[in-house]
Amino acid sequence: MSPGAAARDGSRLNPPTEVLRIAARLQEAGFETWCVGGAVRDALLGESHADWDLATAATPVQVRALFNRTVPHGIEFGTVGVLDRRGVMHEVTTFRRDVKHDGRHAVVEFGVSLDDDLARRDFTINAIAFHPGTRELRDPFGGQADLDRRVVRAVGDASARMVEDRLRALRALRFAGRFAFTIDPATWDAIVASAPFLPRLSRERVRQELEKTMAQVARPSRSLELWRSSGALASLVPELATVPDAALRAPDHIGAPGTTGREERALARSRNRLASLFLDLSPREARRVLEGLRGSNRETDWVTHVVSCWQGLGDGMRQHLATGDVTDADLRRWAARTGRTHFQDFMRIAVARWEAEGHQALAPGIVSAFRRGVRIAWRDPLSAGDLAVDGSDLMEAGVPAGPAIGTTLKRLVEAVIEDPARNRRDVLLELATAWQAEQP
Ligand code: ATP
Ligand code: MG
């Protein structure tokens with residue numbers, strides 16, 4: 001089906017039963033209520049969307065009075081969370097108008113019409129309302145036509161809208177990448193003009209946008225390249241503005257679009273995609289950037305670890321893989337460097353980067369070595385904890401307490417990485433005693 005046909009296919013507008021019940025309850029109480037925002041847009045595009053937001057003429061107080069279980073979610077902005085019979089929360093927001101804006105925060109006014117509410121939304125494709133009772137579509141800004149034309153276009157005067165809220169510039173780049181849409185020229189000019197002002201956004205907001213891009217966009221490079229060409233990247237993360245194109249394309253090669261509901265896997269994919277962006281920075285630079293963006297410690301540590309492994313191993317790995325000459329000992333050495341639990345993710349990132357660089361020819365060799373490596377990493381000894389002896393065994397065998405223990409354990413790890421068959425108590429103690437005898 002052509003995108004145009006999809007955009008006009010109202011049969012896809014099927015809000016979940018619980019959302020219909022909430023809307024019906026509000027309607028019965030005399031409050032006009034519509035489905036709005038991302039779910040309407042995505043349904044018209046033929047995609048599913050988890051959160052069907054409702055907009056209503058009822059005030060937050062009136063909404064709370066109508067339902068048993070509500071959460072005062074963002075009540076000063078008019079949003080009440082209504083819990084359905086299964087305890088799932090649905091957002092119900094009072095029709096509102098922004099009366100004041102400071103580039104990020106709005107002061108809002110209630111008691112306005114649906115059309116006023118749609119007028120304060122960012123892009124025409126996000127400003128379409130659907131009435132679940134009458135099935136009427138309200139589309140005062142031509143959002144459906146823009147879905148047909150595959151264009152992201154600001155509602156009203158693009159430049160004024162970007163000045164009101166700078167986050168909209170980044171949202172436009174995300175939506176354009178996610179739907180493979182172009183950006184309307186006036187909207188694009190306003191985004192470019194916004195670039196120098198983006199550092200006024202809180203760092204958390206910027207990181208969230210980057211994370212949403214990694215999570216939602218099948219080919220993140222579509223958005224990232226717009227971050228770069230608009231000047232947003234240089235303004236927000238200058239360290240990444242000059243990385244090779246392959247760095248911006250590497251995330252595209254990690255994982256399929258997030259159709260899976262498995263949250264853990266989706267999170268890992270986003271984290272790996274993020275790490276793949278940073279491979280050209282030094283580990284210290286990468287850490288500084290992520291700390292600057294207020295990334296979690298876990299995320300920051302992960303990216304820094306990947307960057308440092310890549311710089312230690314990347315070139316050597318590529319050469320081995322190019323010649324197809326990868327021994328089990330090579331794989332164990334690499335896995336020992338990344339850590340057993342990180343080896344698979346690290347290899348995914350490395351392969352993504354090589355693919356982004358156009359090393360397609362290497363792919364079969366890489367994939368089979370990578371599979372073998374994962375198996376080996378879990379089977380064979382890689383670290384001191386995996387050895388058949390420990391420090392006290394070594395002391396009993398005559399290695400003096402102190403630094404010699406650590407040095408000996410390290411040499412034993414190297415010995416078993418070369419040949420895991422050596423990982424037996426008698427063999428290791430024999431090696432340790434022999435090395436001890438060599439000492440002056
Ligand atoms: P996503 O799939 O990312 O959730 P979405 O369109 O649902 O996309 P939300 O951030 O959930 O985006 O916002 C819901 C709706 O609220 C948007 O569709 C848009 O109409 C409006 N909106 C959100 N952020 C802004 C903003 N910064 N300025 C104006 N309107 C906004
Ligand atoms: Mg949403």
# chains A, B, ... in the order shown; residues from 1 in each chain; ligands from 1

$ residues_around --residues "stretch 164-170 of chain A" --least-positions-apart "5" --cutoff "8 Å" --atoms "only C-alpha atoms" --output "number ranges by chain"
A: 101-105, 122, 190-191, 194, 197-198, 201, 205, 209, 227, 232

$ residues_near_ligand --ligand "ligand 2" --cutoff "10 Å" --atoms "only C-alpha atoms and all ligand atoms" --output "PyMOL selection string"
chain A and resi 36-39+42+49-53+91+126

$ write_last_selection --atoms "all heavy atoms" --output "PDB file, in the first residue's frame"
ATOM      1  N   VAL A  36      -5.454  11.979  20.678  1.00  0.00           N
ATOM      2  CA  VAL A  36      -4.529  12.948  20.071  1.00  0.00           C
ATOM      3  C   VAL A  36      -3.103  12.408  20.068  1.00  0.00           C
ATOM      4  O   VAL A  36      -2.793  11.435  20.754  1.00  0.00           O
ATOM      5  CB  VAL A  36      -4.513  14.271  20.885  1.00  0.00           C
ATOM      6  CG1 VAL A  36      -5.794  15.059  20.678  1.00  0.00           C
ATOM      7  CG2 VAL A  36      -4.273  13.990  22.356  1.00  0.00           C
ATOM      8  N   GLY A  37      -2.269  13.094  19.296  1.00  0.00           N
ATOM      9  CA  GLY A  37      -0.827  12.869  19.406  1.00  0.00           C
ATOM     10  C   GLY A  37      -0.299  11.676  18.633  1.00  0.00           C
ATOM     11  O   GLY A  37      -0.844  11.289  17.592  1.00  0.00           O
ATOM     12  N   GLY A  38       0.765  11.085  19.192  1.00  0.00           N
ATOM     13  CA  GLY A  38       1.539  10.074  18.476  1.00  0.00           C
ATOM     14  C   GLY A  38       0.736   8.855  18.046  1.00  0.00           C
ATOM     15  O   GLY A  38       0.991   8.295  16.972  1.00  0.00           O
ATOM     16  N   ALA A  39      -0.248   8.449  18.853  1.00  0.00           N
ATOM     17  CA  ALA A  39      -0.987   7.230  18.509  1.00  0.00           C
ATOM     18  C   ALA A  39      -1.840   7.447  17.261  1.00  0.00           C
ATOM     19  O   ALA A  39      -1.927   6.553  16.409  1.00  0.00           O
ATOM     20  CB  ALA A  39      -1.867   6.800  19.684  1.00  0.00           C
ATOM     21  N   ASP A  42       0.586   7.527  14.319  1.00  0.00           N
ATOM     22  CA  ASP A  42       1.131   6.211  13.980  1.00  0.00           C
ATOM     23  C   ASP A  42       0.055   5.307  13.394  1.00  0.00           C
ATOM     24  O   ASP A  42       0.331   4.532  12.469  1.00  0.00           O
ATOM     25  CB  ASP A  42       1.776   5.568  15.211  1.00  0.00           C
ATOM     26  CG  ASP A  42       3.074   6.279  15.603  1.00  0.00           C
ATOM     27  OD1 ASP A  42       3.488   7.202  14.861  1.00  0.00           O
ATOM     28  OD2 ASP A  42       3.676   5.915  16.630  1.00  0.00           O
ATOM     29  N   HIS A  49       1.026   1.850  18.227  1.00  0.00           N
ATOM     30  CA  HIS A  49       1.559   2.798  19.209  1.00  0.00           C
ATOM     31  C   HIS A  49       0.954   2.425  20.556  1.00  0.00           C
ATOM     32  O   HIS A  49      -0.262   2.260  20.671  1.00  0.00           O
ATOM     33  CB  HIS A  49       1.171   4.223  18.813  1.00  0.00           C
ATOM     34  CG  HIS A  49       1.865   5.280  19.611  1.00  0.00           C
ATOM     35  ND1 HIS A  49       2.847   6.089  19.094  1.00  0.00           N
ATOM     36  CD2 HIS A  49       1.731   5.645  20.899  1.00  0.00           C
ATOM     37  CE1 HIS A  49       3.274   6.913  20.029  1.00  0.00           C
ATOM     38  NE2 HIS A  49       2.618   6.662  21.140  1.00  0.00           N
ATOM     39  N   ALA A  50       1.770   2.298  21.558  1.00  0.00           N
ATOM     40  CA  ALA A  50       1.291   1.781  22.840  1.00  0.00           C
ATOM     41  C   ALA A  50       0.382   2.771  23.579  1.00  0.00           C
ATOM     42  O   ALA A  50      -0.613   2.368  24.172  1.00  0.00           O
ATOM     43  CB  ALA A  50       2.471   1.409  23.718  1.00  0.00           C
ATOM     44  N   ASP A  51       0.726   4.050  23.535  1.00  0.00           N
ATOM     45  CA  ASP A  51       0.011   5.004  24.387  1.00  0.00           C
ATOM     46  C   ASP A  51      -0.951   5.863  23.591  1.00  0.00           C
ATOM     47  O   ASP A  51      -0.534   6.718  22.815  1.00  0.00           O
ATOM     48  CB  ASP A  51       1.007   5.933  25.100  1.00  0.00           C
ATOM     49  CG  ASP A  51       2.103   5.134  25.774  1.00  0.00           C
ATOM     50  OD1 ASP A  51       1.773   4.169  26.474  1.00  0.00           O
ATOM     51  OD2 ASP A  51       3.292   5.462  25.558  1.00  0.00           O
ATOM     52  N   TRP A  52      -2.245   5.622  23.811  1.00  0.00           N
ATOM     53  CA  TRP A  52      -3.277   6.454  23.177  1.00  0.00           C
ATOM     54  C   TRP A  52      -3.641   7.562  24.163  1.00  0.00           C
ATOM     55  O   TRP A  52      -4.343   7.315  25.136  1.00  0.00           O
ATOM     56  CB  TRP A  52      -4.497   5.611  22.829  1.00  0.00           C
ATOM     57  CG  TRP A  52      -4.286   4.774  21.610  1.00  0.00           C
ATOM     58  CD1 TRP A  52      -3.562   3.631  21.514  1.00  0.00           C
ATOM     59  CD2 TRP A  52      -4.812   5.029  20.298  1.00  0.00           C
ATOM     60  NE1 TRP A  52      -3.588   3.150  20.224  1.00  0.00           N
ATOM     61  CE2 TRP A  52      -4.354   3.989  19.457  1.00  0.00           C
ATOM     62  CE3 TRP A  52      -5.621   6.032  19.748  1.00  0.00           C
ATOM     63  CZ2 TRP A  52      -4.678   3.929  18.102  1.00  0.00           C
ATOM     64  CZ3 TRP A  52      -5.947   5.964  18.393  1.00  0.00           C
ATOM     65  CH2 TRP A  52      -5.468   4.922  17.585  1.00  0.00           C
ATOM     66  N   ASP A  53      -3.145   8.756  23.903  1.00  0.00           N
ATOM     67  CA  ASP A  53      -3.429   9.867  24.810  1.00  0.00           C
ATOM     68  C   ASP A  53      -4.790  10.468  24.475  1.00  0.00           C
ATOM     69  O   ASP A  53      -5.175  10.550  23.306  1.00  0.00           O
ATOM     70  CB  ASP A  53      -2.348  10.945  24.678  1.00  0.00           C
ATOM     71  CG  ASP A  53      -0.975  10.409  25.069  1.00  0.00           C
ATOM     72  OD1 ASP A  53      -0.918   9.447  25.850  1.00  0.00           O
ATOM     73  OD2 ASP A  53       0.039  10.953  24.574  1.00  0.00           O
ATOM     74  N   GLU A  91      -3.076   8.522  29.864  1.00  0.00           N
ATOM     75  CA  GLU A  91      -2.990   9.969  30.091  1.00  0.00           C
ATOM     76  C   GLU A  91      -4.198  10.693  29.531  1.00  0.00           C
ATOM     77  O   GLU A  91      -4.573  10.497  28.373  1.00  0.00           O
ATOM     78  CB  GLU A  91      -1.716  10.526  29.462  1.00  0.00           C
ATOM     79  CG  GLU A  91      -0.485  10.158  30.255  1.00  0.00           C
ATOM     80  CD  GLU A  91       0.748  10.941  29.826  1.00  0.00           C
ATOM     81  OE1 GLU A  91       0.654  11.780  28.916  1.00  0.00           O
ATOM     82  OE2 GLU A  91       1.796  10.691  30.430  1.00  0.00           O
ATOM     83  N   ASN A 126       1.601  15.634  14.305  1.00  0.00           N
ATOM     84  CA  ASN A 126       1.287  15.367  15.713  1.00  0.00           C
ATOM     85  C   ASN A 126       0.063  16.155  16.174  1.00  0.00           C
ATOM     86  O   ASN A 126      -0.249  16.167  17.361  1.00  0.00           O
ATOM     87  CB  ASN A 126       2.475  15.780  16.609  1.00  0.00           C
ATOM     88  CG  ASN A 126       3.669  14.863  16.429  1.00  0.00           C
ATOM     89  OD1 ASN A 126       3.536  13.791  15.854  1.00  0.00           O
ATOM     90  ND2 ASN A 126       4.824  15.289  16.903  1.00  0.00           N
TER      91      ASN A 126
END

$ residues_around --residues "A:Asn423" --least-positions-apart "6" --cutoff "8 Å" --atoms "only C-alpha atoms" --output "ChimeraX atom specification"
/A:381,387-388,416

$ atom_distance --atom1 "atom CA of A:Glu18" --atom2 "atom CA of A:Phe110"
25.3 Å

$ residues_around --residues "stretch 427-429 of chain A" --least-positions-apart "6" --cutoff "12 Å" --atoms "only C-alpha atoms" --output "PDB file with N, CA and C atoms, in the first residue's frame"
ATOM      1  N   ALA A 384      41.848 -14.910  36.409  1.00  0.00           N
ATOM      2  CA  ALA A 384      42.395 -15.566  37.599  1.00  0.00           C
ATOM      3  C   ALA A 384      41.321 -16.372  38.333  1.00  0.00           C
ATOM      4  N   LEU A 387      40.996 -20.012  37.261  1.00  0.00           N
ATOM      5  CA  LEU A 387      42.134 -20.941  37.376  1.00  0.00           C
ATOM      6  C   LEU A 387      41.842 -22.064  38.371  1.00  0.00           C
ATOM      7  N   ALA A 388      42.484 -23.207  38.151  1.00  0.00           N
ATOM      8  CA  ALA A 388      42.316 -24.358  39.048  1.00  0.00           C
ATOM      9  C   ALA A 388      43.114 -24.181  40.346  1.00  0.00           C
ATOM     10  N   VAL A 389      43.853 -23.079  40.456  1.00  0.00           N
ATOM     11  CA  VAL A 389      44.572 -22.777  41.712  1.00  0.00           C
ATOM     12  C   VAL A 389      44.258 -21.351  42.123  1.00  0.00           C
ATOM     13  N   ASP A 390      44.502 -21.050  43.404  1.00  0.00           N
ATOM     14  CA  ASP A 390      44.380 -19.655  43.823  1.00  0.00           C
ATOM     15  C   ASP A 390      45.641 -19.233  44.566  1.00  0.00           C
ATOM     16  N   GLY A 391      45.627 -18.026  45.121  1.00  0.00           N
ATOM     17  CA  GLY A 391      46.819 -17.466  45.757  1.00  0.00           C
ATOM     18  C   GLY A 391      47.361 -18.345  46.880  1.00  0.00           C
ATOM     19  N   SER A 392      46.452 -18.915  47.698  1.00  0.00           N
ATOM     20  CA  SER A 392      46.972 -19.701  48.832  1.00  0.00           C
ATOM     21  C   SER A 392      47.599 -21.004  48.342  1.00  0.00           C
ATOM     22  N   ASP A 393      47.069 -21.571  47.258  1.00  0.00           N
ATOM     23  CA  ASP A 393      47.716 -22.753  46.666  1.00  0.00           C
ATOM     24  C   ASP A 393      49.154 -22.417  46.266  1.00  0.00           C
ATOM     25  N   LEU A 394      49.320 -21.216  45.683  1.00  0.00           N
ATOM     26  CA  LEU A 394      50.649 -20.822  45.217  1.00  0.00           C
ATOM     27  C   LEU A 394      51.603 -20.653  46.398  1.00  0.00           C
ATOM     28  N   MET A 395      51.090 -20.073  47.496  1.00  0.00           N
ATOM     29  CA  MET A 395      51.957 -19.887  48.676  1.00  0.00           C
ATOM     30  C   MET A 395      52.387 -21.230  49.243  1.00  0.00           C
ATOM     31  N   GLU A 396      51.436 -22.146  49.296  1.00  0.00           N
ATOM     32  CA  GLU A 396      51.787 -23.492  49.780  1.00  0.00           C
ATOM     33  C   GLU A 396      52.863 -24.113  48.923  1.00  0.00           C
ATOM     34  N   ALA A 397      52.808 -23.791  47.614  1.00  0.00           N
ATOM     35  CA  ALA A 397      53.793 -24.377  46.700  1.00  0.00           C
ATOM     36  C   ALA A 397      55.105 -23.596  46.718  1.00  0.00           C
ATOM     37  N   GLY A 398      55.203 -22.556  47.579  1.00  0.00           N
ATOM     38  CA  GLY A 398      56.479 -21.887  47.762  1.00  0.00           C
ATOM     39  C   GLY A 398      56.617 -20.530  47.103  1.00  0.00           C
ATOM     40  N   VAL A 399      55.548 -20.018  46.502  1.00  0.00           N
ATOM     41  CA  VAL A 399      55.620 -18.656  45.964  1.00  0.00           C
ATOM     42  C   VAL A 399      55.470 -17.692  47.141  1.00  0.00           C
ATOM     43  N   THR A 408      52.383 -14.121  39.307  1.00  0.00           N
ATOM     44  CA  THR A 408      52.305 -15.536  38.915  1.00  0.00           C
ATOM     45  C   THR A 408      50.905 -15.880  38.402  1.00  0.00           C
ATOM     46  N   LEU A 409      49.873 -15.381  39.121  1.00  0.00           N
ATOM     47  CA  LEU A 409      48.504 -15.660  38.657  1.00  0.00           C
ATOM     48  C   LEU A 409      48.303 -15.118  37.236  1.00  0.00           C
ATOM     49  N   LYS A 410      48.865 -13.936  36.994  1.00  0.00           N
ATOM     50  CA  LYS A 410      48.703 -13.326  35.682  1.00  0.00           C
ATOM     51  C   LYS A 410      49.365 -14.179  34.586  1.00  0.00           C
ATOM     52  N   ARG A 411      50.571 -14.667  34.917  1.00  0.00           N
ATOM     53  CA  ARG A 411      51.264 -15.523  33.923  1.00  0.00           C
ATOM     54  C   ARG A 411      50.500 -16.826  33.698  1.00  0.00           C
ATOM     55  N   LEU A 412      49.905 -17.348  34.786  1.00  0.00           N
ATOM     56  CA  LEU A 412      49.128 -18.588  34.651  1.00  0.00           C
ATOM     57  C   LEU A 412      47.899 -18.359  33.775  1.00  0.00           C
ATOM     58  N   VAL A 413      47.256 -17.188  33.949  1.00  0.00           N
ATOM     59  CA  VAL A 413      46.093 -16.878  33.095  1.00  0.00           C
ATOM     60  C   VAL A 413      46.537 -16.871  31.637  1.00  0.00           C
ATOM     61  N   GLU A 414      47.678 -16.224  31.363  1.00  0.00           N
ATOM     62  CA  GLU A 414      48.165 -16.195  29.977  1.00  0.00           C
ATOM     63  C   GLU A 414      48.430 -17.607  29.471  1.00  0.00           C
ATOM     64  N   ALA A 415      48.952 -18.436  30.364  1.00  0.00           N
ATOM     65  CA  ALA A 415      49.269 -19.818  29.953  1.00  0.00           C
ATOM     66  C   ALA A 415      48.004 -20.604  29.612  1.00  0.00           C
ATOM     67  N   VAL A 416      46.955 -20.428  30.401  1.00  0.00           N
ATOM     68  CA  VAL A 416      45.733 -21.200  30.111  1.00  0.00           C
ATOM     69  C   VAL A 416      44.956 -20.605  28.942  1.00  0.00           C
ATOM     70  N   ASP A 419      46.515 -22.292  26.165  1.00  0.00           N
ATOM     71  CA  ASP A 419      46.133 -23.715  26.129  1.00  0.00           C
ATOM     72  C   ASP A 419      45.326 -24.078  27.373  1.00  0.00           C
ATOM     73  N   PRO A 420      44.002 -24.103  27.225  1.00  0.00           N
ATOM     74  CA  PRO A 420      43.124 -24.348  28.380  1.00  0.00           C
ATOM     75  C   PRO A 420      43.336 -25.722  29.007  1.00  0.00           C
ATOM     76  N   ALA A 421      43.951 -26.650  28.283  1.00  0.00           N
ATOM     77  CA  ALA A 421      44.204 -27.977  28.849  1.00  0.00           C
ATOM     78  C   ALA A 421      45.156 -27.876  30.047  1.00  0.00           C
ATOM     79  N   TRP A 435      58.758 -21.487  37.491  1.00  0.00           N
ATOM     80  CA  TRP A 435      59.046 -20.046  37.366  1.00  0.00           C
ATOM     81  C   TRP A 435      59.741 -19.527  38.621  1.00  0.00           C
ATOM     82  N   GLN A 436      59.303 -20.055  39.773  1.00  0.00           N
ATOM     83  CA  GLN A 436      59.889 -19.628  41.032  1.00  0.00           C
ATOM     84  C   GLN A 436      61.367 -19.982  41.078  1.00  0.00           C
TER      85      GLN A 436
END

$ select_by_dssp --residues "stretch 306-410 of chain A" --states "helix (DSSP H, G or I)" --output "ChimeraX atom specification"
/A:306-323,328-338,340-356,360-379,384-386,391-396,403-410

$ residues_around --residues "A:Ser308" --least-positions-apart "3" --cutoff "6 Å" --atoms "only C-alpha atoms" --output "PyMOL selection string"
chain A and resi 283+305+311

$ write_last_selection --atoms "all heavy atoms" --output "tab-separated table (two decimals), in the first residue's frame"
chain	number	residue	atom	x	y	z
A	283	PRO	N	38.88	7.05	25.48
A	283	PRO	CA	37.99	6.66	26.58
A	283	PRO	C	37.71	7.83	27.54
A	283	PRO	O	36.59	7.99	28.03
A	283	PRO	CB	38.76	5.54	27.28
A	283	PRO	CG	39.67	4.99	26.24
A	283	PRO	CD	40.02	6.13	25.34
A	305	HIS	N	34.22	1.52	28.55
A	305	HIS	CA	34.85	0.21	28.44
A	305	HIS	C	34.93	-0.24	26.98
A	305	HIS	O	35.96	-0.71	26.50
A	305	HIS	CB	34.07	-0.81	29.27
A	305	HIS	CG	34.61	-2.21	29.21
A	305	HIS	ND1	35.87	-2.54	29.67
A	305	HIS	CD2	34.07	-3.36	28.72
A	305	HIS	CE1	36.07	-3.84	29.48
A	305	HIS	NE2	34.99	-4.36	28.90
A	311	GLN	N	39.88	0.41	21.10
A	311	GLN	CA	41.17	0.98	20.75
A	311	GLN	C	42.31	0.01	21.02
A	311	GLN	O	43.31	0.03	20.33
A	311	GLN	CB	41.34	2.34	21.43
A	311	GLN	CG	40.53	3.35	20.64
A	311	GLN	CD	40.18	4.62	21.37
A	311	GLN	OE1	40.80	4.96	22.37
A	311	GLN	NE2	39.19	5.32	20.87

$ closest_atom_pairs --of "stretch 310-393 of chain A" --to "stretch 233-245 of chain A" --cutoff "12 Å" --atoms "only C-alpha atoms" --output "Markdown table"
| residue | atom | partner | partner_atom | distance |
| --- | --- | --- | --- | --- |
| A:Arg353 | CA | A:Asp245 | CA | 10.4 |
| A:Ala356 | CA | A:Asp245 | CA | 8.4 |
| A:Glu357 | CA | A:Asp245 | CA | 8.4 |
| A:Gly358 | CA | A:Asp245 | CA | 11.2 |

$ atom_distance --atom1 "atom CA of A:Trp378" --atom2 "atom CA of A:Ala404"
28.3 Å

$ closest_residue --among "A:Arg12, A:Arg21, A:Arg207, A:Lys100" --to "A:Arg135" --atoms "only C-alpha atoms"
A:Arg12

$ closest_residue --among "A:Thr33, A:Thr300, A:Thr124, A:Thr407" --to "ligand 1" --atoms "only C-alpha atoms and all ligand atoms"
A:Thr124

$ residues_around --residues "stretch 59-71 of chain A" --least-positions-apart "3" --cutoff "10 Å" --atoms "only C-alpha atoms" --output "list of chain:residue names"
A:Ile22, A:Arg25, A:Leu26, A:Ala29, A:Phe31, A:Thr56, A:Gly74, A:Ile75, A:Glu76, A:Phe77, A:Gly78, A:Thr79, A:Val80, A:Gly81, A:Val82, A:Leu83, A:Asp84, A:Arg85, A:Gly87, A:Met89, A:His90, A:Glu91, A:Val92, A:Thr93, A:Thr94, A:Phe95, A:Arg96, A:Phe110, A:Gly111

$ residues_around --residues "A:Gly373" --least-positions-apart "6" --cutoff "12 Å" --atoms "only C-alpha atoms" --output "ChimeraX atom specification"
/A:326-336,338,340-348,365-367,379-380
